[in-house]
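One file, start-v2.tsv, carrying TSV, C-alpha atoms:
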```tsv
chain	number	residue	atom	x	y	z
A	20	LEU	CA	2.83	21.30	8.88
A	21	ASN	CA	4.29	24.40	10.54
A	22	PRO	CA	7.60	25.60	9.09
A	23	GLY	CA	10.41	25.50	11.61
A	24	LYS	CA	8.91	22.51	13.42
A	25	ILE	CA	11.68	19.93	13.66
A	26	GLU	CA	10.35	16.45	12.91
A	27	PHE	CA	12.56	13.66	14.16
A	28	LEU	CA	12.27	9.96	13.67
A	29	HIS	CA	9.72	9.66	10.89
A	30	GLY	CA	12.54	7.91	9.14
A	31	THR	CA	12.91	4.73	11.08
A	32	THR	CA	12.51	0.99	11.02
A	33	THR	CA	11.02	-0.82	13.98
A	34	LEU	CA	9.61	-4.30	14.03
A	35	ALA	CA	8.18	-6.85	16.43
A	36	PHE	CA	6.86	-10.36	15.93
A	37	LYS	CA	5.44	-13.14	18.06
A	38	PHE	CA	6.83	-16.62	17.87
A	39	GLN	CA	6.78	-19.81	19.88
A	40	HIS	CA	9.08	-18.49	22.62
A	41	GLY	CA	7.67	-14.99	23.01
A	42	VAL	CA	8.15	-11.72	21.12
A	43	ILE	CA	11.19	-10.40	19.26
A	44	VAL	CA	11.56	-6.62	19.12
A	45	ALA	CA	14.15	-5.09	16.78
A	46	VAL	CA	14.74	-1.42	15.96
A	47	ASP	CA	17.28	0.81	14.24
A	48	SER	CA	18.81	3.87	15.93
A	49	ARG	CA	18.92	6.70	13.39
A	50	ALA	CA	17.17	10.04	13.89
A	51	THR	CA	16.80	12.40	10.92
A	52	ALA	CA	15.70	16.00	10.58
A	53	GLY	CA	14.91	16.22	6.88
A	54	SER	CA	18.00	14.83	5.18
A	55	TYR	CA	20.31	15.63	8.11
A	56	ILE	CA	21.24	12.71	10.34
A	57	ALA	CA	20.69	14.10	13.80
A	58	SER	CA	21.79	11.00	15.67
A	59	GLN	CA	22.92	7.44	15.06
A	60	THR	CA	22.49	6.32	18.67
A	61	VAL	CA	18.84	6.81	19.56
A	62	LYS	CA	17.18	4.32	21.90
A	63	LYS	CA	13.96	3.48	20.10
A	64	VAL	CA	12.85	0.80	22.51
A	65	ILE	CA	11.28	2.21	25.64
A	66	GLU	CA	11.36	0.01	28.72
A	67	ILE	CA	7.92	0.59	30.20
A	68	ASN	CA	8.46	-1.93	32.99
A	69	PRO	CA	10.36	-5.23	33.37
A	70	TYR	CA	7.83	-7.14	31.28
A	71	LEU	CA	6.52	-4.48	28.83
A	72	LEU	CA	8.35	-2.79	25.98
A	73	GLY	CA	7.28	0.03	23.68
A	74	THR	CA	8.85	0.96	20.32
A	75	MET	CA	9.35	4.46	18.99
A	76	ALA	CA	8.42	5.73	15.52
A	77	GLY	CA	7.24	9.20	14.55
A	78	GLY	CA	8.00	12.10	16.87
A	79	ALA	CA	10.65	11.18	19.44
A	80	ALA	CA	9.24	13.47	22.11
A	81	ASP	CA	5.71	12.22	21.56
A	82	CYS	CA	6.77	8.59	21.83
A	83	SER	CA	9.01	8.87	24.88
A	84	PHE	CA	6.65	11.22	26.74
A	85	TRP	CA	3.48	9.22	26.26
A	86	GLU	CA	5.16	5.88	26.88
A	87	ARG	CA	6.70	7.25	30.06
A	88	LEU	CA	3.20	8.35	31.09
A	89	LEU	CA	2.00	4.86	30.20
A	90	ALA	CA	4.66	3.40	32.51
A	91	ARG	CA	3.25	5.53	35.31
A	92	GLN	CA	-0.31	4.39	34.61
A	93	CYS	CA	0.79	0.75	34.50
A	94	ARG	CA	2.42	1.14	37.92
A	95	VAL	CA	-0.76	2.71	39.32
A	96	TYR	CA	-2.73	-0.25	37.94
A	97	GLU	CA	-0.35	-2.67	39.66
A	98	LEU	CA	-0.74	-0.87	42.97
A	99	ARG	CA	-4.52	-0.70	42.73
A	100	ASN	CA	-5.15	-4.25	41.50
A	101	LYS	CA	-2.21	-6.13	43.04
A	102	GLU	CA	-1.42	-7.76	39.73
A	103	ARG	CA	0.50	-6.98	36.57
A	104	ILE	CA	-1.34	-5.13	33.84
A	105	SER	CA	-2.11	-7.12	30.69
A	106	VAL	CA	-0.65	-6.08	27.33
A	107	ALA	CA	-4.17	-5.48	26.00
A	108	ALA	CA	-5.01	-3.15	28.88
A	109	ALA	CA	-1.69	-1.29	28.69
A	110	SER	CA	-2.08	-0.69	24.95
A	111	LYS	CA	-5.71	0.41	25.47
A	112	LEU	CA	-4.57	2.95	28.09
A	113	LEU	CA	-2.07	4.40	25.62
A	114	ALA	CA	-4.59	4.43	22.76
A	115	ASN	CA	-7.19	6.21	24.87
A	116	MET	CA	-4.63	8.77	26.09
A	117	VAL	CA	-3.57	9.81	22.59
A	118	TYR	CA	-7.12	9.67	21.18
A	119	GLN	CA	-7.91	12.80	23.18
A	120	TYR	CA	-5.26	14.61	21.13
A	121	LYS	CA	-6.36	13.28	17.76
A	122	GLY	CA	-6.01	15.86	15.03
A	123	MET	CA	-3.76	18.09	17.12
A	124	GLY	CA	-0.51	17.00	15.54
A	125	LEU	CA	0.80	14.17	17.69
A	126	SER	CA	2.96	11.78	15.71
A	127	MET	CA	3.44	8.38	17.27
A	128	GLY	CA	3.49	4.84	15.85
A	129	THR	CA	4.34	2.37	18.57
A	130	MET	CA	4.20	-1.31	19.30
A	131	VAL	CA	3.40	-2.40	22.85
A	132	CYS	CA	5.06	-5.76	23.44
A	133	GLY	CA	4.90	-7.96	26.51
A	134	TRP	CA	4.06	-11.21	28.17
A	135	ASP	CA	1.02	-11.56	30.39
A	136	LYS	CA	-1.10	-14.41	31.72
A	137	THR	CA	-2.57	-15.04	28.26
A	138	GLY	CA	0.92	-15.49	26.79
A	139	PRO	CA	2.91	-13.23	24.45
A	140	GLY	CA	1.16	-9.97	23.56
A	141	LEU	CA	1.76	-7.53	20.70
A	142	TYR	CA	-0.31	-4.45	19.89
A	143	TYR	CA	0.21	-1.64	17.38
A	144	VAL	CA	-0.99	1.76	18.63
A	145	ASP	CA	-0.69	5.10	16.81
A	146	SER	CA	-1.62	8.73	17.14
A	147	GLU	CA	-4.38	8.36	14.52
A	148	GLY	CA	-6.31	6.20	16.97
A	149	ASN	CA	-5.46	2.78	15.55
A	150	ARG	CA	-5.03	-0.08	17.99
A	151	VAL	CA	-4.67	-3.56	16.57
A	152	CYS	CA	-3.52	-6.89	17.91
A	153	GLY	CA	-1.26	-8.95	15.65
A	154	ASP	CA	1.55	-11.45	15.29
A	155	LEU	CA	3.85	-9.22	13.25
A	156	PHE	CA	4.26	-5.47	12.78
A	157	ALA	CA	6.86	-3.26	11.14
A	158	VAL	CA	6.61	0.51	11.49
A	159	GLY	CA	8.46	3.38	9.81
A	160	SER	CA	9.91	4.38	6.46
A	161	GLY	CA	11.88	1.14	6.26
A	162	SER	CA	8.98	-1.07	7.32
A	163	MET	CA	8.26	-2.48	3.86
A	164	TYR	CA	11.80	-3.80	3.53
A	165	ALA	CA	11.61	-5.36	6.98
A	166	TYR	CA	8.30	-7.09	6.16
A	167	GLY	CA	9.93	-8.78	3.19
A	168	ILE	CA	12.58	-10.46	5.34
A	169	VAL	CA	10.40	-11.40	8.30
A	170	ASP	CA	7.52	-12.74	6.16
A	171	SER	CA	9.83	-15.02	4.21
A	172	GLY	CA	11.72	-16.08	7.35
A	173	LEU	CA	8.60	-16.88	9.37
A	174	LYS	CA	7.39	-19.34	6.75
A	175	GLN	CA	9.52	-22.01	8.38
A	176	LYS	CA	7.61	-23.26	11.40
A	177	ASP	CA	8.92	-23.06	14.94
A	178	LEU	CA	11.96	-20.85	15.18
A	179	THR	CA	14.38	-21.20	18.04
A	180	VAL	CA	15.15	-18.10	20.08
A	181	GLU	CA	18.46	-17.66	18.28
A	182	GLU	CA	16.92	-18.08	14.82
A	183	ALA	CA	14.21	-15.57	15.65
A	184	CYS	CA	16.78	-13.05	16.91
A	185	ASP	CA	18.82	-13.50	13.73
A	186	LEU	CA	15.69	-12.93	11.66
A	187	GLY	CA	14.81	-9.71	13.47
A	188	ARG	CA	18.38	-8.45	13.25
A	189	ARG	CA	18.60	-9.31	9.55
A	190	ALA	CA	15.30	-7.63	8.77
A	191	ILE	CA	16.38	-4.33	10.34
A	192	TYR	CA	19.75	-4.57	8.60
A	193	GLN	CA	18.12	-5.07	5.20
A	194	ALA	CA	15.84	-2.12	5.86
A	195	THR	CA	18.77	0.14	6.78
A	196	TYR	CA	20.55	-0.99	3.60
A	197	ARG	CA	17.73	0.21	1.36
A	198	ASP	CA	16.17	3.03	3.40
A	199	ALA	CA	18.27	6.18	3.65
A	200	TYR	CA	16.42	7.27	6.77
A	201	SER	CA	17.22	4.14	8.79
A	202	GLY	CA	20.62	3.12	10.12
A	203	GLY	CA	22.98	3.22	13.08
A	204	GLN	CA	22.70	0.11	15.23
A	205	VAL	CA	20.20	-2.71	15.52
A	206	ASN	CA	18.87	-2.97	19.07
A	207	LEU	CA	17.34	-6.37	19.71
A	208	TYR	CA	15.10	-7.43	22.60
A	209	HIS	CA	13.40	-10.72	23.45
A	210	VAL	CA	10.23	-10.79	25.55
A	211	HIS	CA	9.57	-14.07	27.35
A	212	SER	CA	7.56	-15.33	30.29
A	213	GLU	CA	10.01	-13.87	32.83
A	214	GLY	CA	10.00	-10.45	31.16
A	215	TRP	CA	12.24	-8.86	28.52
A	216	THR	CA	15.95	-9.37	27.85
A	217	ARG	CA	18.21	-7.05	25.90
A	218	VAL	CA	19.75	-9.49	23.45
A	219	SER	CA	22.19	-7.42	21.43
A	220	GLN	CA	23.23	-4.12	19.93
A	221	SER	CA	24.92	-4.49	16.54
A	222	ASP	CA	26.29	-1.76	14.33
A	223	VAL	CA	24.75	-2.00	10.89
A	224	LEU	CA	28.06	-1.50	9.11
A	225	MET	CA	29.62	-4.37	11.10
A	226	LEU	CA	26.65	-6.55	10.21
A	227	HIS	CA	27.22	-5.63	6.58
A	228	GLN	CA	30.80	-6.95	6.72
A	229	GLN	CA	29.62	-10.07	8.50
A	230	TYR	CA	26.86	-10.88	6.04
A	231	GLN	CA	29.11	-10.16	3.05
A	232	ALA	CA	31.72	-12.55	4.44
A	233	GLU	CA	29.05	-15.22	5.02
A	234	LYS	CA	27.95	-14.92	1.41
A	235	ALA	CA	31.45	-15.74	0.21
B	10	MET	CA	-18.39	-5.93	14.60
B	11	PHE	CA	-19.50	-4.96	18.06
B	12	LYS	CA	-21.98	-6.94	20.12
B	13	LEU	CA	-24.41	-4.43	21.62
B	14	SER	CA	-26.60	-7.06	23.21
B	15	ASP	CA	-27.58	-10.73	22.80
B	16	LYS	CA	-29.46	-9.96	19.61
B	17	ILE	CA	-27.93	-6.74	18.28
B	18	LEU	CA	-24.72	-6.29	16.29
B	19	LEU	CA	-23.13	-2.99	15.30
B	20	LEU	CA	-20.81	-2.80	12.29
B	21	CYS	CA	-18.65	0.30	12.38
B	22	VAL	CA	-16.27	1.60	9.69
B	23	GLY	CA	-14.56	4.92	9.08
B	24	GLU	CA	-11.88	7.07	10.69
B	25	ALA	CA	-9.16	5.28	12.63
B	26	GLY	CA	-9.81	5.55	16.35
B	27	ASP	CA	-13.28	7.08	15.98
B	28	THR	CA	-14.71	3.67	15.00
B	29	VAL	CA	-13.64	1.82	18.13
B	30	GLN	CA	-14.19	4.73	20.50
B	31	PHE	CA	-17.72	5.48	19.22
B	32	ALA	CA	-18.80	1.84	18.93
B	33	GLU	CA	-17.53	0.96	22.41
B	34	TYR	CA	-19.23	4.10	23.80
B	35	ILE	CA	-22.55	2.96	22.31
B	36	GLN	CA	-21.96	-0.62	23.43
B	37	LYS	CA	-21.36	0.35	27.06
B	38	ASN	CA	-24.36	2.69	27.10
B	39	ILE	CA	-26.67	-0.02	25.75
B	40	GLN	CA	-25.41	-2.35	28.49
B	41	LEU	CA	-25.86	0.39	31.09
B	42	TYR	CA	-29.49	0.85	30.00
B	43	LYS	CA	-30.05	-2.86	30.57
B	44	MET	CA	-28.52	-2.66	34.06
B	45	ARG	CA	-30.53	0.38	35.05
B	46	ASN	CA	-33.89	-0.65	33.65
B	47	GLY	CA	-33.84	-4.44	33.75
B	48	TYR	CA	-34.57	-4.92	30.07
B	49	GLU	CA	-32.68	-4.37	26.81
B	50	LEU	CA	-33.27	-1.72	24.18
B	51	SER	CA	-34.93	-3.01	21.02
B	52	PRO	CA	-32.90	-2.82	17.79
B	53	LYS	CA	-35.03	0.12	16.63
B	54	ALA	CA	-34.47	1.99	19.88
B	55	ALA	CA	-30.77	1.18	19.89
B	56	ALA	CA	-30.45	2.46	16.31
B	57	ASN	CA	-32.19	5.71	17.16
B	58	PHE	CA	-30.08	6.10	20.29
B	59	THR	CA	-26.92	5.62	18.21
B	60	ARG	CA	-28.10	8.07	15.56
B	61	LYS	CA	-28.92	10.69	18.19
B	62	ASN	CA	-25.42	10.45	19.64
B	63	LEU	CA	-23.89	10.76	16.18
B	64	ALA	CA	-26.08	13.79	15.47
B	65	ASP	CA	-25.24	15.48	18.76
B	66	TYR	CA	-21.51	15.16	18.08
B	67	LEU	CA	-21.83	16.12	14.42
B	68	ARG	CA	-21.85	19.85	15.02
B	69	SER	CA	-19.47	19.75	17.96
B	70	ARG	CA	-15.70	20.22	17.74
B	71	THR	CA	-15.26	16.44	17.76
B	72	PRO	CA	-17.60	14.74	15.29
B	73	TYR	CA	-17.25	11.00	14.81
B	74	HIS	CA	-16.44	10.18	11.22
B	75	VAL	CA	-18.02	6.70	11.13
B	76	ASN	CA	-20.47	4.74	8.99
B	77	LEU	CA	-22.61	2.12	10.68
B	78	LEU	CA	-24.88	-0.83	10.09
B	79	LEU	CA	-26.97	-1.98	13.03
B	80	ALA	CA	-28.51	-5.44	12.79
B	81	GLY	CA	-30.87	-6.97	15.33
B	82	PHE	CA	-33.73	-9.30	16.03
B	83	ASP	CA	-36.78	-8.04	17.87
B	84	GLU	CA	-39.25	-10.40	19.56
B	85	THR	CA	-42.26	-8.56	18.12
B	86	ASP	CA	-40.94	-6.91	14.95
B	87	GLY	CA	-38.61	-9.68	13.78
B	88	PRO	CA	-35.25	-9.03	12.08
B	89	GLY	CA	-34.22	-5.46	11.33
B	90	LEU	CA	-31.29	-3.76	9.58
B	91	TYR	CA	-30.55	-0.08	10.10
B	92	TYR	CA	-28.21	1.96	7.90
B	93	MET	CA	-26.47	5.02	9.44
B	94	ASP	CA	-23.85	7.27	7.94
B	95	HIS	CA	-21.38	9.86	9.24
B	96	LEU	CA	-23.90	12.67	8.66
B	97	SER	CA	-26.27	10.95	11.05
B	98	ALA	CA	-28.80	9.68	8.53
B	99	LEU	CA	-30.86	6.67	9.62
B	100	ALA	CA	-32.80	4.31	7.37
B	101	LYS	CA	-34.28	0.88	7.89
B	102	ALA	CA	-33.39	-1.28	4.90
B	103	PRO	CA	-33.67	-4.90	3.74
B	104	PHE	CA	-29.99	-4.87	2.74
B	105	ALA	CA	-27.17	-2.31	2.90
B	106	ALA	CA	-23.46	-1.67	2.36
B	107	HIS	CA	-20.87	1.00	3.17
B	108	GLY	CA	-17.63	1.87	1.42
B	109	TYR	CA	-16.40	1.53	-2.16
B	110	GLY	CA	-17.46	-2.10	-2.14
B	111	ALA	CA	-21.05	-0.89	-1.98
B	112	TYR	CA	-20.84	0.36	-5.55
B	113	LEU	CA	-20.23	-3.17	-6.73
B	114	THR	CA	-22.50	-5.11	-4.39
B	115	LEU	CA	-25.66	-3.01	-4.05
B	116	SER	CA	-26.80	-3.81	-7.58
B	117	ILE	CA	-26.35	-7.53	-6.97
B	118	LEU	CA	-28.41	-7.23	-3.81
B	119	ASP	CA	-31.06	-5.21	-5.66
B	120	ARG	CA	-31.32	-7.88	-8.35
B	121	TYR	CA	-31.31	-11.07	-6.30
B	122	TYR	CA	-32.64	-10.15	-2.85
B	123	ARG	CA	-36.05	-11.46	-1.82
B	124	PRO	CA	-37.61	-11.07	1.62
B	125	ASP	CA	-38.24	-14.83	1.79
B	126	LEU	CA	-34.69	-16.09	1.24
B	127	THR	CA	-33.69	-19.19	3.16
B	128	ARG	CA	-30.49	-19.12	5.24
B	129	ASP	CA	-28.52	-20.99	2.56
B	130	GLU	CA	-29.84	-18.76	-0.21
B	131	ALA	CA	-28.84	-15.72	1.83
B	132	VAL	CA	-25.29	-17.03	2.32
B	133	ASP	CA	-25.12	-17.75	-1.44
B	134	LEU	CA	-26.15	-14.16	-2.13
B	135	LEU	CA	-23.37	-12.99	0.18
B	136	LYS	CA	-20.92	-15.23	-1.67
B	137	LYS	CA	-22.06	-13.70	-4.99
B	138	CYS	CA	-21.25	-10.24	-3.62
B	139	ILE	CA	-17.83	-11.29	-2.38
B	140	GLU	CA	-17.00	-12.97	-5.69
B	141	GLU	CA	-17.72	-9.70	-7.44
B	142	LEU	CA	-15.43	-7.85	-5.03
B	143	ASN	CA	-12.75	-10.43	-5.68
B	144	LYS	CA	-13.10	-9.81	-9.38
B	145	ARG	CA	-13.46	-6.04	-9.63
B	146	PHE	CA	-12.36	-4.41	-6.39
B	147	ILE	CA	-8.87	-2.96	-6.32
B	148	LEU	CA	-8.03	-4.14	-2.80
B	149	ASN	CA	-7.45	-7.81	-2.11
B	150	LEU	CA	-9.81	-8.84	0.71
B	151	PRO	CA	-8.83	-12.39	1.61
B	152	SER	CA	-11.41	-13.23	4.25
B	153	PHE	CA	-14.80	-12.21	5.53
B	154	SER	CA	-16.31	-13.15	8.89
B	155	VAL	CA	-20.04	-13.86	8.76
B	156	ARG	CA	-22.61	-13.71	11.54
B	157	LEU	CA	-26.31	-14.52	11.60
B	158	ILE	CA	-28.86	-13.09	14.04
B	159	ASP	CA	-32.14	-14.89	14.68
B	160	LYS	CA	-34.55	-15.36	17.57
B	161	GLU	CA	-31.97	-17.53	19.30
B	162	GLY	CA	-29.33	-14.84	19.14
B	163	ILE	CA	-26.03	-14.23	17.34
B	164	HIS	CA	-24.39	-17.15	15.52
B	165	ASP	CA	-20.94	-17.31	13.94
B	166	LEU	CA	-21.10	-18.80	10.45
B	167	GLU	CA	-18.23	-20.19	8.42
B	168	LYS	CA	-15.59	-17.65	7.34
B	169	LEU	CA	-15.78	-16.85	3.62
B	170	MET	CA	-12.37	-17.01	2.00
B	171	PRO	CA	-12.83	-16.96	-1.77
B	172	VAL	CA	-9.79	-18.04	-3.76
B	173	GLY	CA	-8.48	-16.00	-6.72
B	174	ALA	CA	-10.38	-14.16	-9.43
B	175	LYS	CA	-11.14	-15.37	-12.94
```

For this file, write the structure as C-alpha cells.
Amino acid sequence: LNPGKIEFLHGTTTLAFKFQHGVIVAVDSRATAGSYIASQTVKKVIEINPYLLGTMAGGAADCSFWERLLARQCRVYELRNKERISVAAASKLLANMVYQYKGMGLSMGTMVCGWDKTGPGLYYVDSEGNRVCGDLFAVGSGSMYAYGIVDSGLKQKDLTVEEACDLGRRAIYQATYRDAYSGGQVNLYHVHSEGWTRVSQSDVLMLHQQYQAEKA
Amino acid sequence: MFKLSDKILLLCVGEAGDTVQFAEYIQKNIQLYKMRNGYELSPKAAANFTRKNLADYLRSRTPYHVNLLLAGFDETDGPGLYYMDHLSALAKAPFAAHGYGAYLTLSILDRYYRPDLTRDEAVDLLKKCIEELNKRFILNLPSFSVRLIDKEGIHDLEKLMPVGAK
C-alpha cells in the first residue's frame, strides 16, 4: 500500500440479518487512521432510498461514493421501469460497478439490505468482486465477535422486532468491547415491508452501564 | 454451477468476482448463439468457445483467474466432461477435480471409476470422495449439491451432507 495514503474505516463492525419481520441492520460509528481515532460519530449506514440501505466497511470514501452512485442508478431504474428495483438487482449493479476497478485499490465491504416483492433481501458485496445472498452477515475487524452473539441469539426461533433489535445492538456492543477499532455509538435500523426505520442510536459506553446493571 | 443450456452445466471456481463475471458472460453468449442460429452449441463446441475466451483474455491486462469444469450431454456423442484451467488448458476427461480437494479425490476416482458405472454406483463413488474430504481436508465442507445430466436434461439429486469424521 502507498505510504501516506490514509486508510479509514477498516476497523469497524457492521452486521445485518434477516428474520421473520424483515432485516435488522446494526453498525458502530468509529473511524480509525492506524491507531488514531479519527471520529466516533461516523454514519456507516447509507440510505440509498426509502426501502434500501447500504452499510459501510473499508474505505469511507469508496463506500459513500459508490453507494451514492448506486442510489442514482436505482432512481434511473425506477424511472425507466416504473417499479422499484429489487435488492438482487441493486446489489448486482453495485457489484458490476466495482468489478471494473478490481485490483486498482478500492476498499469496500458492504451489505445491501432491503425489502422487495420477494420479501426481505440481504446481499454482501465487496471490492474483490464477491456478491453473495445470505441470512446473516457481519463485516469488519469486529465481525467475528458480532457473529458469536448473533449466531447464539438466532438459535431461538421467531424473534419479535424488539428482540431482534436488542440482539443486533448487543452484538455490536460486544464487538466494540473486544475490538479496539470499533466503538462510538450503535446505529440500528429495521427494514420492513414499508421500507426502513431508524430504530435507535445508543452510545456504547451507556450500553455498557446498562448491561452491567442488568447483570447485577 | 451455471446452467449454460438445457444439457450443459459449467462449474466455475477461482478468483472472487472473476468466477461469476466470466461464467455469466459465457452463459449469456451461449444463449445468444441459440437465439441467433436456432440451435444450441454442443458441449464440445461450448467447451472450446469457453477455452478460446479464456485464452484471449489470458494475455490481456484483465485475465480471468478461474478454473472450470464443463459437463454436458450430446445427442450423438453422449455424455462429456471437459476440464479447463486458468491457463486455458482444455482436456476431455472421464472424471476431474479442481482445488486442494483434488489431491485427495483424484486417486479415489482413478481407483474406482469405471465407464459403465450405474447411477447409484456413481453417487456412491461421489460419497466416497466426500467422506475422504471430511476425514483429511482442513476445511469443513458441510454440504454438497449434486446434479446429474442425461439425455433428458439436468436433474437435481439429493444434497450430500456427510456427518462428522471418524

Inset, instruction - Name the closest residue to chain A among the candidates B:Val75, B:Ile35, B:Val29, B:Leu41; distances are taken between atoms, counting only C-alpha atoms. - result: B:Val29

Inset, instruction - Please provide as a PyMOL selection string all residues within 12 Å of Asp145 in chain A, with the sequence filter that same-chain residues fewer than 2 positions apart are discarded (counting all atoms listed in the file). - result: (chain A and resi 73-78+81-82+85-86+110-111+113-118+120-121+124-131+142-143+147-151+158-159) or (chain B and resi 25-26)

Write the selection just made, keeping C-alpha atoms, as a JSON list (two decimals), keeping the file's coordinate frame?
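Contents of the output file selection_19.json:
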```
[["chain", "number", "residue", "atom", "x", "y", "z"],
["A", 73, "GLY", "CA", 7.28, 0.03, 23.68],
["A", 74, "THR", "CA", 8.85, 0.96, 20.32],
["A", 75, "MET", "CA", 9.35, 4.46, 18.99],
["A", 76, "ALA", "CA", 8.42, 5.73, 15.52],
["A", 77, "GLY", "CA", 7.24, 9.20, 14.55],
["A", 78, "GLY", "CA", 8.00, 12.10, 16.87],
["A", 81, "ASP", "CA", 5.71, 12.22, 21.56],
["A", 82, "CYS", "CA", 6.77, 8.59, 21.83],
["A", 85, "TRP", "CA", 3.48, 9.22, 26.26],
["A", 86, "GLU", "CA", 5.16, 5.88, 26.88],
["A", 110, "SER", "CA", -2.08, -0.69, 24.95],
["A", 111, "LYS", "CA", -5.71, 0.41, 25.47],
["A", 113, "LEU", "CA", -2.07, 4.40, 25.62],
["A", 114, "ALA", "CA", -4.59, 4.43, 22.76],
["A", 115, "ASN", "CA", -7.19, 6.21, 24.87],
["A", 116, "MET", "CA", -4.63, 8.77, 26.09],
["A", 117, "VAL", "CA", -3.57, 9.81, 22.59],
["A", 118, "TYR", "CA", -7.12, 9.67, 21.18],
["A", 120, "TYR", "CA", -5.26, 14.61, 21.13],
["A", 121, "LYS", "CA", -6.36, 13.28, 17.76],
["A", 124, "GLY", "CA", -0.51, 17.00, 15.54],
["A", 125, "LEU", "CA", 0.80, 14.17, 17.69],
["A", 126, "SER", "CA", 2.96, 11.78, 15.71],
["A", 127, "MET", "CA", 3.44, 8.38, 17.27],
["A", 128, "GLY", "CA", 3.49, 4.84, 15.85],
["A", 129, "THR", "CA", 4.34, 2.37, 18.57],
["A", 130, "MET", "CA", 4.20, -1.31, 19.30],
["A", 131, "VAL", "CA", 3.40, -2.40, 22.85],
["A", 142, "TYR", "CA", -0.31, -4.45, 19.89],
["A", 143, "TYR", "CA", 0.21, -1.64, 17.38],
["A", 147, "GLU", "CA", -4.38, 8.36, 14.52],
["A", 148, "GLY", "CA", -6.31, 6.20, 16.97],
["A", 149, "ASN", "CA", -5.46, 2.78, 15.55],
["A", 150, "ARG", "CA", -5.03, -0.08, 17.99],
["A", 151, "VAL", "CA", -4.67, -3.56, 16.57],
["A", 158, "VAL", "CA", 6.61, 0.51, 11.49],
["A", 159, "GLY", "CA", 8.46, 3.38, 9.81],
["B", 25, "ALA", "CA", -9.16, 5.28, 12.63],
["B", 26, "GLY", "CA", -9.81, 5.55, 16.35]]
```

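Rounded to one decimal, CA of Asp198 in chain A and CA of Ala235 in chain A lie 24.4 Å from each other.
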
Inset, instruction - Excluding range 71-74 of chain B and residues on its chain fewer than 5 positions from it, collect all residues at most 12 Å away from it, counting all atoms listed in the file, and give them as a ChimeraX atom specification. - result: /A:118-123 /B:21-32,34,59-60,62-66,93-97

Legend entry - Selection as a list in words: residues within 10 Å of (-36.2, -9.7, 15.4), counting all atoms listed in the file: Lys16, Ile17, Ser51, Pro52, Lys53, Ala80, Gly81, Phe82, Asp83, Glu84, Thr85, Asp86, Gly87, Pro88, Gly89, Leu90, Ile158, Asp159, Lys160, Glu161 and Gly162 of chain B

Inset, instruction - Using all atoms listed in the file, determine which residues lie at most 7 Å from range 66-72 of chain A, disregarding the query and same-chain residues fewer than 2 positions distant; provide the list as a list of chain:residue names. - result: A:Val64, A:Thr74, A:Glu86, A:Arg87, A:Ala90, A:Val131, A:Cys132, A:Gly133, A:Trp134, A:Gly214, A:Trp215

Take the residues from that selection and put them in a file with C-alpha atoms, as a PDB file, in the coordinates of the input.
```
ATOM      1  CA  VAL A  64      12.850   0.800  22.510  1.00  0.00           C
ATOM      2  CA  THR A  74       8.850   0.960  20.320  1.00  0.00           C
ATOM      3  CA  GLU A  86       5.160   5.880  26.880  1.00  0.00           C
ATOM      4  CA  ARG A  87       6.700   7.250  30.060  1.00  0.00           C
ATOM      5  CA  ALA A  90       4.660   3.400  32.510  1.00  0.00           C
ATOM      6  CA  VAL A 131       3.400  -2.400  22.850  1.00  0.00           C
ATOM      7  CA  CYS A 132       5.060  -5.760  23.440  1.00  0.00           C
ATOM      8  CA  GLY A 133       4.900  -7.960  26.510  1.00  0.00           C
ATOM      9  CA  TRP A 134       4.060 -11.210  28.170  1.00  0.00           C
ATOM     10  CA  GLY A 214      10.000 -10.450  31.160  1.00  0.00           C
ATOM     11  CA  TRP A 215      12.240  -8.860  28.520  1.00  0.00           C
TER      12      TRP A 215
END
```

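Shortest atom-to-atom contact with Lys62 in chain A among A:Leu141, A:Val205, A:Cys184, A:Leu224: A:Val205, counting all atoms listed in the file.
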
Skip Tyr192 in chain A itself and residues of its chain fewer than 2 positions away, then list as a short mmCIF file (atom, residue, chain, number, x, y, z; two decimals) with C-alpha atoms, in the frame of the given file all residues within 9 Å of it, counting all atoms listed in the file.
```cif
data_model
loop_
_atom_site.label_atom_id
_atom_site.label_comp_id
_atom_site.auth_asym_id
_atom_site.auth_seq_id
_atom_site.Cartn_x
_atom_site.Cartn_y
_atom_site.Cartn_z
CA ASP A 47 17.28 0.81 14.24
CA ALA A 165 11.61 -5.36 6.98
CA GLY A 187 14.81 -9.71 13.47
CA ARG A 188 18.38 -8.45 13.25
CA ARG A 189 18.60 -9.31 9.55
CA ALA A 190 15.30 -7.63 8.77
CA ALA A 194 15.84 -2.12 5.86
CA THR A 195 18.77 0.14 6.78
CA TYR A 196 20.55 -0.99 3.60
CA ARG A 197 17.73 0.21 1.36
CA GLY A 202 20.62 3.12 10.12
CA GLN A 204 22.70 0.11 15.23
CA VAL A 205 20.20 -2.71 15.52
CA VAL A 223 24.75 -2.00 10.89
CA LEU A 224 28.06 -1.50 9.11
CA LEU A 226 26.65 -6.55 10.21
CA HIS A 227 27.22 -5.63 6.58
#
```
